[in-house]
Amino acid sequence: MSFEVDFNWASQAVIETVAVPFPSLETPPDVVVADPPVPQLAFQQSGPVTVTMLGCGRWNRDTSYRFNAGCNRQPHHAAEVGEVGVLSATEAQRLETWFVRRYPNSNPAVLKNGGKWNLVLTRNGAVFNFHVAVQPAHG
């Protein structure tokens with residue numbers, strides 16, 4: 001299942017969910033905040049879901065530690081497993097540009113597999129992975 005979101009919703013969801021594992025990335029430069037330790041999880045185990053206003057996410061462990069996140073369908077209600085926010089091609093491109101510029105010191109990347117995009121950054125040996133889908137451009 002998928003649901004439509006726009007740039008404003010998706011970018012705010014990224015900010016909110018990045019701040020869960022890596023609050024230092026969303027704190028003003030003159031404020032010192034330590035990122036919490038990555039939770040210790042068994043192989044292929046997941047942590048509890050954290051829900052913010054516009055996004056949600058949780059820690060997962062396989063060969064590495066990842067905080068997987070995405071948009072909420074409604075404020076303060078986590079999307080169901082498999083649900084993903086869908087952006088228009090124009091809004092997705094805007095989100096990609098914004099993401100790479102916002103987190104320049106955390107190895108930002110946007111991995112694209114057809115209409116599935118992952119906005120990825122790394123910090124403290126762990127990965128933040130934000131899932132979105134992109135509507136194909138009509139031409």
# chains A, B, ... in the order shown; residues from 1 in each chain; ligands from 1
>>> residues_around(residues="Lys112 in chain A", least_positions_apart="3", cutoff="12 Å", atoms="only C-alpha atoms", output="list in words")
Ala92, Gln93, Glu96, Ala109, Gly115, Lys116, Trp117, Asn118, Leu119, Val120, Phe130, His131, Val132, Ala133 and Val134 of chain A
>>> select_by_dssp(residues="range 3-127 of chain A", states="strand (DSSP E)", output="VMD selection string")
chain A and resid 3 to 4 50 to 51 55 to 61 65 to 71 84 to 87 109 to 113 116 to 123 126 to 127
>>> write_last_selection(atoms="C-alpha atoms", output="PDB file, in the first residue's frame")
ATOM      1  CA  PHE A   3      -0.074   7.012  -0.066  1.00  0.00           C
ATOM      2  CA  GLU A   4       0.758  10.394  -1.541  1.00  0.00           C
ATOM      3  CA  THR A  50       9.395   5.386  17.195  1.00  0.00           C
ATOM      4  CA  VAL A  51       6.586   7.583  15.890  1.00  0.00           C
ATOM      5  CA  GLY A  55       7.419   9.990  10.234  1.00  0.00           C
ATOM      6  CA  CYS A  56       8.334   6.778  11.965  1.00  0.00           C
ATOM      7  CA  GLY A  57      11.291   4.452  12.174  1.00  0.00           C
ATOM      8  CA  ARG A  58      13.087   1.724  14.069  1.00  0.00           C
ATOM      9  CA  TRP A  59      16.505   0.188  14.449  1.00  0.00           C
ATOM     10  CA  ASN A  60      17.215  -3.044  12.575  1.00  0.00           C
ATOM     11  CA  ARG A  61      20.283  -5.216  12.551  1.00  0.00           C
ATOM     12  CA  TYR A  65      22.843  -1.401  12.144  1.00  0.00           C
ATOM     13  CA  ARG A  66      20.212   0.615  10.258  1.00  0.00           C
ATOM     14  CA  PHE A  67      17.552   3.034  11.407  1.00  0.00           C
ATOM     15  CA  ASN A  68      14.841   2.444   8.779  1.00  0.00           C
ATOM     16  CA  ALA A  69      12.323   5.243   8.499  1.00  0.00           C
ATOM     17  CA  GLY A  70       9.557   6.627   6.336  1.00  0.00           C
ATOM     18  CA  CYS A  71       6.544   8.916   6.235  1.00  0.00           C
ATOM     19  CA  VAL A  84       5.343   3.973   1.847  1.00  0.00           C
ATOM     20  CA  GLY A  85       4.877   7.640   1.025  1.00  0.00           C
ATOM     21  CA  VAL A  86       4.830   8.397  -2.699  1.00  0.00           C
ATOM     22  CA  LEU A  87       6.159  11.627  -4.182  1.00  0.00           C
ATOM     23  CA  ALA A 109      23.225   9.359  -0.855  1.00  0.00           C
ATOM     24  CA  VAL A 110      19.994   8.573  -2.614  1.00  0.00           C
ATOM     25  CA  LEU A 111      19.803   4.979  -3.775  1.00  0.00           C
ATOM     26  CA  LYS A 112      17.308   4.487  -6.583  1.00  0.00           C
ATOM     27  CA  ASN A 113      15.795   1.222  -7.690  1.00  0.00           C
ATOM     28  CA  LYS A 116      11.818   2.908  -4.814  1.00  0.00           C
ATOM     29  CA  TRP A 117      14.243   5.430  -3.350  1.00  0.00           C
ATOM     30  CA  ASN A 118      16.265   5.261  -0.134  1.00  0.00           C
ATOM     31  CA  LEU A 119      17.721   8.438   1.322  1.00  0.00           C
ATOM     32  CA  VAL A 120      20.772   7.217   3.202  1.00  0.00           C
ATOM     33  CA  LEU A 121      23.342   8.726   5.533  1.00  0.00           C
ATOM     34  CA  THR A 122      25.936   7.233   7.870  1.00  0.00           C
ATOM     35  CA  ARG A 123      26.969   8.272  11.342  1.00  0.00           C
ATOM     36  CA  ALA A 126      25.316   3.114  11.685  1.00  0.00           C
ATOM     37  CA  VAL A 127      23.055   3.896   8.723  1.00  0.00           C
TER      38      VAL A 127
END
>>> closest_residue(among="A:Ala19, A:Met1, A:Met53, A:Val14", to="Val33 in chain A", atoms="only C-alpha atoms")
A:Ala19
>>> residues_around(residues="Pro136 in chain A", least_positions_apart="6", cutoff="9 Å", atoms="only C-alpha atoms", output="VMD selection string")
chain A and resid 88 to 89 114 to 115
>>> closest_residue(among="A:Arg101, A:Glu83, A:Thr52, A:Gly125", to="Thr17 in chain A", atoms="only C-alpha atoms")
A:Thr52
>>> select_by_dssp(residues="chain A", states="helix (DSSP H, G or I)", output="number ranges by chain")
A: 7-18, 23-26, 89-102
>>> atom_distance(atom1="CA of Ala42 in chain A", atom2="CA of Val20 in chain A")
20.3 Å
>>> atom_distance(atom1="CA of Leu41 in chain A", atom2="CA of Val81 in chain A")
19.7 Å
>>> closest_residue(among="A:Thr90, A:Ala10, A:Asn129, A:Gln40", to="Asn107 in chain A", atoms="only C-alpha atoms")
A:Asn129
